Every structure is written in C-alpha cells, then in structure tokens.
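Enquirer: Input start.csv, format and content: CSV, C-alpha atoms.
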```csv
chain,number,residue,atom,x,y,z
A,1,MET,CA,-14.5,-1.7,40.6
A,2,ILE,CA,-11.0,-3.1,39.7
A,3,ALA,CA,-10.7,-6.8,38.8
A,4,ILE,CA,-7.4,-8.5,39.6
A,5,ILE,CA,-7.0,-11.8,37.8
A,6,GLY,CA,-4.7,-14.1,39.7
A,7,ALA,CA,-3.9,-14.4,43.4
A,8,GLY,CA,-0.2,-15.1,43.1
A,9,ALA,CA,2.5,-12.8,44.4
A,10,ALA,CA,1.9,-10.1,41.8
A,11,GLY,CA,-1.8,-10.0,42.2
A,12,LEU,CA,-1.7,-9.9,46.0
A,13,ALA,CA,1.0,-7.2,46.1
A,14,THR,CA,-1.1,-5.1,43.8
A,15,ALA,CA,-4.2,-5.7,46.0
A,16,TYR,CA,-2.2,-4.5,49.0
A,17,HIS,CA,-1.4,-1.1,47.3
A,18,LEU,CA,-4.9,-0.7,45.9
A,19,GLN,CA,-6.4,-1.4,49.4
A,20,LYS,CA,-3.9,1.1,50.9
A,21,GLN,CA,-5.2,3.8,48.4
A,22,GLY,CA,-8.8,3.0,49.2
A,23,LEU,CA,-9.6,1.7,45.7
A,24,PRO,CA,-12.2,-1.1,45.5
A,25,PHE,CA,-11.2,-4.4,43.9
A,26,THR,CA,-11.9,-8.1,43.7
A,27,ILE,CA,-9.4,-10.8,43.0
A,28,PHE,CA,-10.5,-13.6,40.7
A,29,GLU,CA,-8.6,-16.8,41.3
A,30,LYS,CA,-9.5,-20.2,39.9
A,31,GLU,CA,-7.6,-22.2,42.5
A,32,GLY,CA,-6.2,-20.6,45.6
A,33,ALA,CA,-3.7,-17.9,46.7
A,34,GLY,CA,-0.2,-19.0,45.7
A,35,SER,CA,-1.4,-22.2,44.2
A,36,THR,CA,1.4,-22.4,41.6
A,37,TRP,CA,4.1,-22.6,44.2
A,38,GLY,CA,2.7,-25.9,45.4
A,39,LYS,CA,3.0,-27.5,42.0
A,40,HIS,CA,6.8,-27.1,41.4
A,41,TYR,CA,9.3,-29.9,41.8
A,42,ARG,CA,10.4,-31.2,45.2
A,43,GLY,CA,13.4,-29.3,46.6
A,44,LEU,CA,12.6,-26.0,44.8
A,45,LYS,CA,13.5,-23.0,46.9
A,46,LEU,CA,13.6,-19.3,46.3
A,47,HIS,CA,16.8,-17.8,44.8
A,48,SER,CA,16.4,-14.6,46.8
A,49,LEU,CA,16.5,-14.2,50.5
A,50,LYS,CA,13.2,-14.1,52.4
A,51,GLN,CA,13.7,-10.5,53.5
A,52,VAL,CA,13.7,-9.2,49.9
A,53,SER,CA,11.1,-11.8,48.7
A,54,ALA,CA,8.4,-10.9,51.2
A,55,LEU,CA,5.4,-8.9,49.9
A,56,PRO,CA,4.7,-5.4,51.3
A,57,ASP,CA,4.1,-4.9,55.0
A,58,LEU,CA,4.2,-8.6,56.0
A,59,ALA,CA,7.5,-10.3,56.7
A,60,MET,CA,7.9,-14.0,56.1
A,61,PRO,CA,7.8,-16.1,59.4
A,62,LYS,CA,11.0,-16.1,61.4
A,63,GLU,CA,11.1,-19.9,61.4
A,64,TYR,CA,11.3,-20.0,57.6
A,65,PRO,CA,14.8,-20.7,56.2
A,66,PRO,CA,16.8,-18.0,54.4
A,67,PHE,CA,15.6,-19.3,51.1
A,68,PRO,CA,12.0,-20.7,51.6
A,69,SER,CA,10.7,-23.7,49.7
A,70,GLY,CA,7.8,-23.8,47.2
A,71,PRO,CA,5.3,-25.1,49.8
A,72,GLU,CA,6.5,-22.4,52.3
A,73,MET,CA,5.9,-19.7,49.7
A,74,LYS,CA,2.4,-21.0,49.0
A,75,GLU,CA,1.7,-21.0,52.7
A,76,TYR,CA,3.0,-17.4,53.0
A,77,LEU,CA,0.9,-16.2,50.2
A,78,GLU,CA,-2.2,-17.8,51.6
A,79,SER,CA,-1.6,-16.1,55.0
A,80,TYR,CA,-0.9,-12.8,53.2
A,81,ALA,CA,-4.3,-12.9,51.5
A,82,GLU,CA,-6.0,-13.8,54.8
A,83,HIS,CA,-4.1,-11.2,56.9
A,84,PHE,CA,-5.2,-8.3,54.7
A,85,LYS,CA,-8.7,-9.9,54.2
A,86,PHE,CA,-8.6,-9.4,50.4
A,87,PRO,CA,-11.9,-10.2,48.6
A,88,ILE,CA,-11.3,-13.3,46.5
A,89,GLU,CA,-13.8,-14.7,44.1
A,90,HIS,CA,-12.9,-18.4,43.4
A,91,THR,CA,-13.7,-18.6,39.7
A,92,GLU,CA,-11.9,-18.9,36.4
A,93,ILE,CA,-12.1,-15.9,33.9
A,94,THR,CA,-12.7,-17.4,30.5
A,95,ALA,CA,-13.1,-14.3,28.4
A,96,ILE,CA,-13.3,-10.5,28.6
A,97,GLU,CA,-15.2,-8.0,26.5
A,98,PHE,CA,-14.9,-4.2,26.6
A,99,ARG,CA,-18.0,-2.0,26.2
A,100,GLU,CA,-16.5,1.1,24.5
A,101,ASN,CA,-19.5,3.4,25.0
A,102,GLU,CA,-19.6,2.7,28.8
A,103,LYS,CA,-15.8,2.3,29.3
A,104,LEU,CA,-16.6,-0.9,31.2
A,105,TRP,CA,-15.4,-4.5,31.1
A,106,ASP,CA,-17.5,-7.7,31.1
A,107,LEU,CA,-15.6,-10.6,32.7
A,108,HIS,CA,-17.0,-13.9,31.7
A,109,SER,CA,-16.3,-16.7,34.2
A,110,SER,CA,-17.4,-20.1,35.4
A,111,SER,CA,-19.6,-18.3,38.0
A,112,GLY,CA,-21.2,-15.8,35.6
A,113,VAL,CA,-20.5,-12.3,34.2
A,114,HIS,CA,-18.7,-9.7,36.3
A,115,GLN,CA,-18.2,-6.0,35.6
A,116,ALA,CA,-15.1,-3.9,36.2
A,117,THR,CA,-13.7,-0.5,35.1
A,118,ILE,CA,-10.1,-1.7,35.3
A,119,ILE,CA,-8.7,-5.2,34.7
A,120,VAL,CA,-5.3,-6.2,36.2
A,121,ILE,CA,-3.9,-9.4,34.7
A,122,ALA,CA,-1.5,-11.1,37.2
A,123,THR,CA,-1.7,-14.7,36.1
A,124,GLY,CA,2.0,-15.3,36.2
A,125,ILE,CA,4.9,-16.2,33.9
A,126,TRP,CA,5.0,-19.9,34.6
A,127,HIS,CA,1.7,-21.0,33.0
A,128,SER,CA,2.5,-22.5,29.6
A,129,PRO,CA,5.9,-24.3,28.9
A,130,LYS,CA,7.6,-23.4,25.7
A,131,SER,CA,8.9,-26.1,23.4
A,132,PRO,CA,12.0,-25.6,21.2
A,133,SER,CA,10.6,-25.2,17.7
A,134,ASP,CA,14.0,-25.8,16.1
A,135,LEU,CA,14.2,-29.2,17.7
A,136,GLU,CA,10.7,-30.4,17.0
A,137,GLN,CA,11.6,-32.6,14.1
A,138,HIS,CA,14.4,-34.3,16.1
A,139,LEU,CA,12.3,-34.7,19.2
A,140,ALA,CA,9.4,-36.3,17.2
A,141,LYS,CA,11.8,-39.2,16.4
A,142,PHE,CA,12.8,-39.9,20.0
A,143,ALA,CA,11.6,-43.3,21.3
A,144,GLY,CA,12.1,-42.7,25.0
A,145,GLU,CA,10.1,-40.7,27.5
A,146,GLN,CA,9.6,-36.9,27.1
A,147,LEU,CA,8.3,-34.6,29.8
A,148,GLN,CA,8.1,-30.9,30.5
A,149,ALA,CA,9.9,-29.4,33.5
A,150,LYS,CA,6.5,-28.5,35.0
A,151,ASP,CA,5.7,-32.3,35.1
A,152,TYR,CA,8.9,-33.1,37.0
A,153,HIS,CA,8.6,-33.3,40.7
A,154,GLN,CA,11.3,-35.8,41.8
A,155,PRO,CA,13.9,-38.1,40.3
A,156,GLU,CA,11.6,-41.0,40.7
A,157,ASP,CA,9.2,-39.4,38.1
A,158,VAL,CA,11.8,-40.0,35.3
A,159,SER,CA,12.2,-43.4,33.8
A,160,GLY,CA,15.5,-45.0,32.8
A,161,LYS,CA,19.1,-44.4,33.8
A,162,SER,CA,20.3,-41.7,31.4
A,163,VAL,CA,18.5,-38.4,31.1
A,164,LEU,CA,18.9,-35.4,28.8
A,165,VAL,CA,17.8,-32.0,30.2
A,166,ILE,CA,17.2,-29.5,27.4
A,167,GLY,CA,17.7,-25.9,28.7
A,168,ALA,CA,20.2,-24.6,31.3
A,169,GLY,CA,18.1,-22.0,33.1
A,170,ASN,CA,17.3,-22.2,36.8
A,171,SER,CA,14.8,-25.1,36.4
A,172,GLY,CA,17.1,-27.0,34.0
A,173,ALA,CA,20.2,-26.6,36.2
A,174,GLU,CA,18.3,-27.6,39.4
A,175,ILE,CA,16.6,-30.6,37.8
A,176,ALA,CA,19.9,-31.8,36.3
A,177,SER,CA,21.6,-31.4,39.7
A,178,GLN,CA,18.9,-33.4,41.5
A,179,LEU,CA,19.0,-36.2,39.0
A,180,ALA,CA,22.8,-36.4,39.1
A,181,GLN,CA,22.8,-36.5,42.9
A,182,ALA,CA,20.2,-39.3,42.6
A,183,GLY,CA,22.7,-41.3,40.6
A,184,ARG,CA,21.3,-40.8,37.1
A,185,GLU,CA,23.6,-40.3,34.1
A,186,VAL,CA,22.7,-36.7,33.2
A,187,SER,CA,23.5,-34.6,30.1
A,188,ILE,CA,22.3,-31.0,29.8
A,189,LEU,CA,21.9,-29.3,26.4
A,190,VAL,CA,23.0,-25.7,26.6
A,191,ARG,CA,21.3,-23.6,24.0
A,192,ASP,CA,23.5,-20.6,24.3
A,193,GLY,CA,25.7,-19.8,27.3
A,194,VAL,CA,24.8,-19.7,30.9
A,195,LEU,CA,25.4,-17.3,33.8
A,196,VAL,CA,25.8,-19.1,37.1
A,197,LEU,CA,26.0,-17.2,40.4
A,198,PRO,CA,26.0,-18.4,44.0
A,199,TYR,CA,23.1,-17.8,46.4
A,200,PRO,CA,23.2,-14.2,47.8
A,201,LYS,CA,24.6,-13.9,51.3
A,202,SER,CA,23.1,-10.5,52.4
A,203,TRP,CA,19.6,-9.2,51.8
A,204,VAL,CA,20.9,-5.6,52.3
A,205,GLY,CA,23.5,-6.2,49.6
A,206,SER,CA,20.9,-7.7,47.3
A,207,SER,CA,18.6,-4.7,47.7
A,208,LEU,CA,21.4,-2.1,47.3
A,209,THR,CA,22.9,-3.8,44.3
A,210,ALA,CA,19.5,-4.1,42.6
A,211,THR,CA,18.7,-0.4,43.2
A,212,ILE,CA,22.1,0.8,41.9
A,213,LEU,CA,22.0,-1.3,38.8
A,214,ARG,CA,18.4,-0.2,38.1
A,215,THR,CA,19.1,3.5,38.5
A,216,LEU,CA,22.5,3.8,36.8
A,217,PRO,CA,22.6,4.4,33.0
A,218,PRO,CA,22.2,1.0,31.3
A,219,ALA,CA,25.7,1.3,29.6
A,220,ILE,CA,27.4,1.7,33.0
A,221,SER,CA,25.4,-1.1,34.6
A,222,SER,CA,26.1,-3.4,31.7
A,223,THR,CA,29.9,-2.6,31.8
A,224,TYR,CA,29.9,-3.3,35.6
A,225,LEU,CA,28.1,-6.6,35.2
A,226,LYS,CA,30.5,-7.7,32.4
A,227,SER,CA,33.4,-7.0,34.6
A,228,THR,CA,32.0,-9.1,37.5
A,229,ARG,CA,30.3,-12.0,35.8
A,230,LYS,CA,32.5,-14.8,34.6
A,231,GLY,CA,31.6,-17.9,32.6
A,232,TYR,CA,33.0,-21.4,32.6
A,233,PRO,CA,34.1,-21.9,29.0
A,234,GLU,CA,36.4,-24.7,29.9
A,235,LEU,CA,33.3,-26.6,31.0
A,236,GLY,CA,31.3,-25.7,27.9
A,237,LEU,CA,29.5,-23.0,29.9
A,238,PRO,CA,30.5,-19.5,28.5
A,239,LEU,CA,28.4,-16.5,29.3
A,240,PRO,CA,25.3,-16.0,27.1
A,241,THR,CA,26.1,-14.4,23.8
A,242,LYS,CA,22.5,-13.7,22.6
A,243,LYS,CA,21.7,-11.3,25.4
A,244,THR,CA,23.3,-8.2,26.9
A,245,ALA,CA,24.7,-8.3,30.5
A,246,LEU,CA,21.5,-6.6,31.6
A,247,GLU,CA,19.3,-9.2,29.9
A,248,ALA,CA,21.0,-12.5,30.9
A,249,TYR,CA,19.0,-13.8,33.8
A,250,PRO,CA,21.4,-15.8,36.1
A,251,VAL,CA,21.2,-19.3,37.3
A,252,ILE,CA,21.5,-19.3,41.1
A,253,SER,CA,23.1,-22.6,42.2
A,254,GLU,CA,25.7,-24.0,44.5
A,255,ASP,CA,25.6,-27.5,43.1
A,256,PHE,CA,25.5,-27.2,39.4
A,257,ILE,CA,29.1,-26.2,38.6
A,258,PRO,CA,30.7,-28.7,41.0
A,259,LEU,CA,28.6,-31.5,39.5
A,260,VAL,CA,29.7,-30.4,36.0
A,261,ARG,CA,33.3,-30.3,37.1
A,262,GLN,CA,33.0,-33.8,38.6
A,263,GLY,CA,31.6,-35.2,35.3
A,264,LYS,CA,28.3,-36.0,36.9
A,265,ILE,CA,26.5,-33.6,34.6
A,266,ARG,CA,27.8,-33.6,31.0
A,267,VAL,CA,27.4,-30.4,28.9
A,268,VAL,CA,26.4,-31.0,25.3
A,269,LYS,CA,25.7,-28.5,22.5
A,270,GLY,CA,23.4,-29.1,19.6
A,271,ILE,CA,21.5,-32.1,18.4
A,272,ARG,CA,22.5,-33.4,15.0
A,273,ASN,CA,20.2,-36.4,14.9
A,274,ILE,CA,17.9,-38.7,16.9
A,275,SER,CA,17.3,-42.3,16.1
A,276,GLY,CA,15.2,-44.2,18.6
A,277,LYS,CA,16.9,-43.5,21.9
A,278,GLU,CA,20.3,-42.7,20.3
A,279,ILE,CA,21.0,-39.0,20.2
A,280,THR,CA,24.0,-37.5,18.3
A,281,PHE,CA,25.3,-34.3,19.7
A,282,GLY,CA,27.6,-31.7,18.2
A,283,GLU,CA,27.4,-28.4,16.3
A,284,SER,CA,28.7,-27.3,13.0
A,285,LYS,CA,31.4,-24.6,12.9
A,286,HIS,CA,28.9,-21.9,11.9
A,287,GLN,CA,26.8,-22.8,14.9
A,288,ASN,CA,29.6,-22.7,17.4
A,289,PRO,CA,32.4,-20.1,16.8
A,290,GLN,CA,35.1,-22.2,18.5
A,291,ARG,CA,34.2,-21.2,22.0
A,292,LEU,CA,33.1,-24.4,23.6
A,293,ALA,CA,35.1,-27.4,24.9
A,294,THR,CA,32.2,-29.7,23.9
A,295,ASN,CA,32.2,-29.3,20.2
A,296,THR,CA,33.0,-32.9,19.4
A,297,ILE,CA,30.4,-35.1,17.8
A,298,THR,CA,29.2,-37.9,20.1
A,299,THR,CA,26.3,-40.3,20.3
A,300,GLU,CA,24.6,-41.2,23.6
A,301,LEU,CA,21.8,-43.6,24.5
A,302,ILE,CA,19.2,-41.5,26.3
A,303,ASP,CA,16.2,-43.0,28.2
A,304,SER,CA,14.3,-39.7,29.0
A,305,ILE,CA,14.3,-36.1,27.9
A,306,ILE,CA,13.2,-33.2,30.1
A,307,LEU,CA,12.3,-30.0,28.4
A,308,ALA,CA,13.3,-27.0,30.6
A,309,THR,CA,13.1,-24.4,27.8
A,310,GLY,CA,11.1,-21.7,29.6
A,311,TYR,CA,7.5,-20.6,29.9
A,312,ARG,CA,5.2,-18.0,28.4
A,313,GLY,CA,2.0,-16.5,30.0
A,314,ASN,CA,-1.4,-17.7,28.9
A,315,PHE,CA,-3.3,-14.8,27.6
A,316,SER,CA,-5.8,-16.7,25.4
A,317,ALA,CA,-8.8,-15.1,27.3
A,318,PHE,CA,-7.4,-11.6,26.7
A,319,SER,CA,-5.8,-11.9,23.3
A,320,LYS,CA,-8.3,-9.4,21.7
A,321,TYR,CA,-7.0,-6.7,23.9
A,322,LEU,CA,-3.4,-7.7,24.6
A,323,GLU,CA,-0.5,-8.0,22.2
A,324,SER,CA,2.5,-10.2,23.1
A,325,ASN,CA,6.1,-10.1,22.2
A,326,GLU,CA,8.3,-12.9,20.8
A,327,ARG,CA,8.8,-14.2,24.4
A,328,GLY,CA,5.1,-14.5,24.9
A,329,PHE,CA,5.0,-11.6,27.4
A,330,PRO,CA,2.5,-8.7,27.0
A,331,ILE,CA,3.6,-5.5,25.3
A,332,LEU,CA,2.9,-2.7,27.7
A,333,GLU,CA,3.3,1.1,28.3
A,334,ASN,CA,3.4,2.0,32.0
A,335,TYR,CA,1.9,-1.5,32.8
A,336,GLN,CA,-1.0,-0.8,30.4
A,337,SER,CA,-1.8,-2.8,27.3
A,338,ILE,CA,-1.0,-0.9,24.1
A,339,LEU,CA,-4.4,-1.9,22.8
A,340,ASN,CA,-6.6,-0.8,25.8
A,341,LYS,CA,-5.5,1.6,28.5
A,342,GLN,CA,-8.0,0.1,31.0
A,343,LEU,CA,-6.2,-3.2,30.9
A,344,PHE,CA,-3.1,-3.5,33.1
A,345,CYS,CA,-0.6,-6.3,33.6
A,346,VAL,CA,1.8,-6.8,36.5
A,347,GLY,CA,4.5,-9.4,37.2
A,348,TYR,CA,5.6,-9.9,33.6
A,349,ASP,CA,8.9,-7.9,33.8
A,350,TYR,CA,11.7,-10.4,34.5
A,351,PRO,CA,14.7,-8.2,35.3
A,352,ALA,CA,18.2,-9.8,35.3
A,353,THR,CA,19.5,-7.3,37.9
A,354,GLU,CA,17.1,-8.4,40.7
A,355,ALA,CA,15.0,-11.3,41.7
A,356,TRP,CA,11.4,-11.6,40.4
A,357,LEU,CA,9.8,-11.3,43.8
A,358,GLN,CA,12.1,-8.5,44.6
A,359,ALA,CA,10.8,-6.6,41.6
A,360,ILE,CA,7.2,-7.4,42.4
A,361,LYS,CA,7.1,-5.0,45.4
A,362,ARG,CA,8.3,-2.1,43.3
A,363,SER,CA,6.1,-2.8,40.2
A,364,SER,CA,3.0,-3.5,42.2
A,365,LYS,CA,3.2,-0.1,43.9
A,366,GLU,CA,3.8,1.6,40.5
A,367,VAL,CA,0.9,-0.1,38.8
A,368,ALA,CA,-1.5,0.8,41.7
A,369,HIS,CA,-0.6,4.5,41.3
A,370,ASP,CA,-1.0,4.2,37.5
A,371,ILE,CA,-4.5,2.7,38.0
A,372,ASP,CA,-5.4,5.5,40.3
A,373,ARG,CA,-4.4,8.0,37.6
A,374,CYS,CA,-6.3,6.1,34.9
A,375,LEU,CA,-9.5,6.1,37.0
A,376,LYS,CA,-9.3,9.8,37.4
A,377,THR,CA,-9.0,10.3,33.6
A,378,ILE,CA,-12.0,8.1,33.1
A,379,GLY,CA,-14.0,10.1,35.5
```
Just dump the structure as structure tokens.
Expert:
Amino acid sequence: MIAIIGAGAAGLATAYHLQKQGLPFTIFEKEGAGSTWGKHYRGLKLHSLKQVSALPDLAMPKEYPPFPSGPEMKEYLESYAEHFKFPIEHTEITAIEFRENEKLWDLHSSSGVHQATIIVIATGIWHSPKSPSDLEQHLAKFAGEQLQAKDYHQPEDVSGKSVLVIGAGNSGAEIASQLAQAGREVSILVRDGVLVLPYPKSWVGSSLTATILRTLPPAISSTYLKSTRKGYPELGLPLPTKKTALEAYPVISEDFIPLVRQGKIRVVKGIRNISGKEITFGESKHQNPQRLATNTITTELIDSIILATGYRGNFSAFSKYLESNERGFPILENYQSILNKQLFCVGYDYPATEAWLQAIKRSSKEVAHDIDRCLKTIG
C-alpha cells in the first residue's frame, strides 16, 4: 500500500496518477481536502489562470473567474477528491518508523498505526512561517503589534494606522496593497530586490512559455528572462540580486507598483534600530551598493508589523528519514529522500518559470511513475 500524507493539490494530483496506474493507496489528511486554501487572507486569488491551475482530468467550473479565490480553490479540491472517490483517512500522522528487514513503514497517527510500503509526503509549502533571524534582536524591542502573514485575513485584523510589512513576496505585496487601499499608512521592507509581473493574459501562452523555459538550456533561459524582466530601481524596487533569473520567483500584481508610485506604499530598506514603536530605517553603504532610491535614514512611528518572510514545510514527524536544505525544503533525488528511497515528496519544487499549481500536474505524474519503478525493485 502507498500512503499519501496530505490532501492538498500535490497529494490529490499524485493520487490521480496512482489510481490511473492501478496502484493501491490511502490519503492521510488531518483536516479536509484543500483545507489550507480556506485559511488564507480575504481577497487571495490564484496567480495563474484556472486552465493551467486545474488538476489532471477535471477542469475548474466554468463559472469560476479566470483567477479563482482561495475558497473557490478549496471547493474545487474537495470536489476533485469526491469526483475520483479517493480513499481518505481523516487522521494526523505524528511519526513514521521504517522496518528495514521488512522494507515496510509504520505510520503512527491519532487513529492508530498504519502500514505502507511507500510514503508520499505532500503536506505543502505553506505550513510554518519563517521569521527573519537577522532582525530578531530588533523585533524583540518593538512595542506594537506583531503578526505573521498567515494570521492576517483582512485589514481590520491589524491595529493602528501605520503598518510595516516585512517581505516583498506575493503575500507581502498583496497584504501591503490591501492595507494601503483600506487607508492605512503602509511601509514595506524589501530585503533584496523584487520582480513584479502583471497577471498572465493567456493560458496557452503561460503553458508554452513554461515549457520552453523548462526545456531550454538554463543559460539560454536565464539570458532570455534577464532581457525581458525589468525592475523599478527608481522606486527602490530593483530586480533581486541574490538569485539568478531562473530562481527569482515573481510577484504577480496589478496594484502594487501603482500604489508605490502614488506614495501609498513606501519602500524602505534595512532596519537600523527599534525603540518602542519608533523604527529607524536605512542601510549602510556596504549593505546597499548605491542601487536604491530609498537609502536615506528615516524614523517612522509604526503601530503594527506583519511578517511576510516566507514559509518552510513542517517535517518534524519525518526528520529521521528526511534531510532539508537551508530553505527548509526536502533534499531529494527523483522525488525520493536521499536518506530512504521508499520515502517520496511531491509539491516542494517552487519553479520561477511556471506557477506552482502548473508544476504540480507535471511533477505528480513523474512521481507516480517513479513510485511504480520503486515498487518493482522492492518486489
């Protein structure tokens, strides 16, 4: 038996391909299919068109908008699991143990112990928020409200007039835009650069571009991306410098740049000091090689801070058999853990050349074929 842990998009897409190959499996899910999508902030919508975001063999409903909302995505994943009648065990896996002699897994859960030959971890990449370790000492001195992006749902959740959003990824840019449109005084701390792109217009174009960029030699793809992607250095938003063009995941937004231009979102770089609710911004010359328009030292009175500094997966139940990289993602070879070839992971590659849901359809098919080969070698 194959155990899939997690009934999100990655787990359900993998289940589809295993079912198609006639391989027996059970999905273990502590809440419900697509539950994570119902917990995000109000107004969240996909950054990829519904045609490329749908899972294999079941299109999203025609009445859905081009970029479905979080609740709509949750509803779609629930209907997907029901449509294909996937076996789902509603329980939480708390630990796993591998019996070497029998080549068999024991999965310890809130409902008892289950056995499996193969485990597929598909618990998602938005489980545990990351905090900026380099800012810990400063943030500890802040006297206002602090909350993680995962705890933000709407502007009314944030106290005070002035808000600092730390992190300029998709979540940070969208939350900053929502707050600015709600009349808050918003600053956003950009930790490096940021790549901002508009929403895609064509699902055919999105699919074709992703395929081309994925199959071309990396050097050619990177050169192409560098020639087409432009930053906004005059706004304090240059392109990222710490990542290559193929690694810089874009922020998809129509509102963020106009709001920055209008002065409704202020871009800041670096925190020099925090005293109570007063935050002094500005970088030293060695931190900022004369490339930003926001290098002056200023002090602002901030009521609330929202940390939008990314997420890492939660692999505490699997840590004995799974090694993670510096980003908190599992280190894999052909979707297999480098510590145990009967442990697979799917949904943890986050390509900058295509949307995450777009990549899920391809990777879930590949992992299902890899599982089939692994089972044949086990005998």
Enquirer: Provide the CA of Leu225 in chain A to CA of Glu254 in chain A distance in Å, to one decimal place.
Expert: 19.9 Å
Enquirer: In Å, how far is it from CA of Ser53 in chain A to CA of Gln358 in chain A?
Expert: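 Taking CA of Ser53 in chain A as the start and CA of Gln358 in chain A as the end point, the length is 5.4 Å.
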Enquirer: Name the residues within 8 Å of (18.2, -31.3, 34.1), counting only C-alpha atoms in the file's coordinates, and put them as an mmCIF file with C-alpha atoms, in the coordinates of the input.
Expert:
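Saved file result33.cif follows:
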```
data_model
loop_
_atom_site.group_PDB
_atom_site.id
_atom_site.type_symbol
_atom_site.label_atom_id
_atom_site.label_comp_id
_atom_site.auth_asym_id
_atom_site.auth_seq_id
_atom_site.Cartn_x
_atom_site.Cartn_y
_atom_site.Cartn_z
ATOM 1 C CA VAL A 163 18.500 -38.400 31.100
ATOM 2 C CA LEU A 164 18.900 -35.400 28.800
ATOM 3 C CA VAL A 165 17.800 -32.000 30.200
ATOM 4 C CA ILE A 166 17.200 -29.500 27.400
ATOM 5 C CA GLY A 167 17.700 -25.900 28.700
ATOM 6 C CA ALA A 168 20.200 -24.600 31.300
ATOM 7 C CA SER A 171 14.800 -25.100 36.400
ATOM 8 C CA GLY A 172 17.100 -27.000 34.000
ATOM 9 C CA ALA A 173 20.200 -26.600 36.200
ATOM 10 C CA GLU A 174 18.300 -27.600 39.400
ATOM 11 C CA ILE A 175 16.600 -30.600 37.800
ATOM 12 C CA ALA A 176 19.900 -31.800 36.300
ATOM 13 C CA SER A 177 21.600 -31.400 39.700
ATOM 14 C CA GLN A 178 18.900 -33.400 41.500
ATOM 15 C CA LEU A 179 19.000 -36.200 39.000
ATOM 16 C CA VAL A 186 22.700 -36.700 33.200
ATOM 17 C CA SER A 187 23.500 -34.600 30.100
ATOM 18 C CA ILE A 188 22.300 -31.000 29.800
ATOM 19 C CA ILE A 306 13.200 -33.200 30.100
ATOM 20 C CA ALA A 308 13.300 -27.000 30.600
#
```
Enquirer: Find, counting only C-alpha atoms, the residue in A:Ser253, A:Gln148, A:Thr209, A:Thr223 that gets nearest to Thr353 in chain A.
Expert: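 For Thr353 in chain A, the nearest of the candidates is A:Thr209.
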Enquirer: Would you kindly return, as an mmCIF file with C-alpha atoms, in the coordinates of the input, each protein, DNA or RNA residue with an atom no farther than 12 Å from any atom of Asn325 in chain A, considering all atoms listed in the file and excluding same-chain residues fewer than 6 positions away?
Expert:
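Saved as result-v4.cif:
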```cif
data_model
loop_
_atom_site.group_PDB
_atom_site.id
_atom_site.type_symbol
_atom_site.label_atom_id
_atom_site.label_comp_id
_atom_site.auth_asym_id
_atom_site.auth_seq_id
_atom_site.Cartn_x
_atom_site.Cartn_y
_atom_site.Cartn_z
ATOM 1 C CA ARG A 312 5.200 -18.000 28.400
ATOM 2 C CA GLY A 313 2.000 -16.500 30.000
ATOM 3 C CA PHE A 315 -3.300 -14.800 27.600
ATOM 4 C CA ILE A 331 3.600 -5.500 25.300
ATOM 5 C CA LEU A 332 2.900 -2.700 27.700
ATOM 6 C CA SER A 337 -1.800 -2.800 27.300
ATOM 7 C CA ILE A 338 -1.000 -0.900 24.100
ATOM 8 C CA TYR A 348 5.600 -9.900 33.600
#
```
Enquirer: Could you give me, as a PyMOL selection string, the residues that have an atom at most 10 Å away from the point (-3.6, -22.4, 45.4) in the coordinates of the file, using all atoms listed in the file?
Expert: chain A and resi 7-8+29-39+74-75+77-78
Enquirer: For a test of reading the model, state the distance in Å between CA of Lys150 in chain A and CA of Gly310 in chain A, rounded to one decimal.
Expert: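 CA of Gly310 in chain A lies 9.8 Å from CA of Lys150 in chain A.
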Enquirer: With all atoms listed in the file as the atoms that count, which of A:Ile257, A:Phe25, A:Val52, A:Val120 lies nearest to Glu234 in chain A?
Expert: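 Closest residue, counting all atoms listed in the file: A:Ile257.
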Enquirer: Would you please work out which residue, of A:Lys341, A:Arg272, A:His47, A:Arg373, is nearest to His138 in chain A when using all atoms listed in the file?
Expert: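 The answer is A:Arg272, which sits nearest to His138 in chain A.
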Enquirer: Can you tell me which residues surround range 198-203 of chain A at a distance of at most 9 Å, considering all atoms listed in the file, apart from same-chain residues fewer than 3 positions away, and format the answer as a list in words?
Expert: His47, Ser48, Leu49, Lys50, Gln51, Val52, Phe67, Ser206, Ser207, Leu208, Val251, Ile252, Ser253 and Glu254 of chain A
Enquirer: I want to know what sits within 8 Å of range 91-96 of chain A, based on only C-alpha atoms, with residues of the same chain fewer than 2 positions away left out; could you give that as a list in words?
Expert: Ile5, Phe28, Glu29, Lys30, Glu31, Glu89, Phe98, Trp105, Asp106, Leu107, His108, Ser109, Ser110, Ser111, Ala317 and Phe318 of chain A
Enquirer: Would you write out those residues with C-alpha atoms, as a PDB file, keeping the file's coordinate frame?
Expert:
```pdb
ATOM      1  CA  ILE A   5      -7.000 -11.800  37.800  1.00  0.00           C
ATOM      2  CA  PHE A  28     -10.500 -13.600  40.700  1.00  0.00           C
ATOM      3  CA  GLU A  29      -8.600 -16.800  41.300  1.00  0.00           C
ATOM      4  CA  LYS A  30      -9.500 -20.200  39.900  1.00  0.00           C
ATOM      5  CA  GLU A  31      -7.600 -22.200  42.500  1.00  0.00           C
ATOM      6  CA  GLU A  89     -13.800 -14.700  44.100  1.00  0.00           C
ATOM      7  CA  PHE A  98     -14.900  -4.200  26.600  1.00  0.00           C
ATOM      8  CA  TRP A 105     -15.400  -4.500  31.100  1.00  0.00           C
ATOM      9  CA  ASP A 106     -17.500  -7.700  31.100  1.00  0.00           C
ATOM     10  CA  LEU A 107     -15.600 -10.600  32.700  1.00  0.00           C
ATOM     11  CA  HIS A 108     -17.000 -13.900  31.700  1.00  0.00           C
ATOM     12  CA  SER A 109     -16.300 -16.700  34.200  1.00  0.00           C
ATOM     13  CA  SER A 110     -17.400 -20.100  35.400  1.00  0.00           C
ATOM     14  CA  SER A 111     -19.600 -18.300  38.000  1.00  0.00           C
ATOM     15  CA  ALA A 317      -8.800 -15.100  27.300  1.00  0.00           C
ATOM     16  CA  PHE A 318      -7.400 -11.600  26.700  1.00  0.00           C
TER      17      PHE A 318
END
```
Enquirer: Point out the residue among A:Val204, A:Ala368, A:Leu259, A:Leu357 with the least atom-to-atom distance to Asn334 in chain A, counting only C-alpha atoms.
Expert: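 That would be A:Ala368, the residue with the smallest distance to Asn334 in chain A.
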Enquirer: Taking all atoms listed in the file into account, name the residue in A:Tyr41, A:Tyr335, A:Phe344, A:Phe256 that is nearest to Gly70 in chain A.
Expert: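 Of all the options, A:Tyr41 lies closest to Gly70 in chain A.
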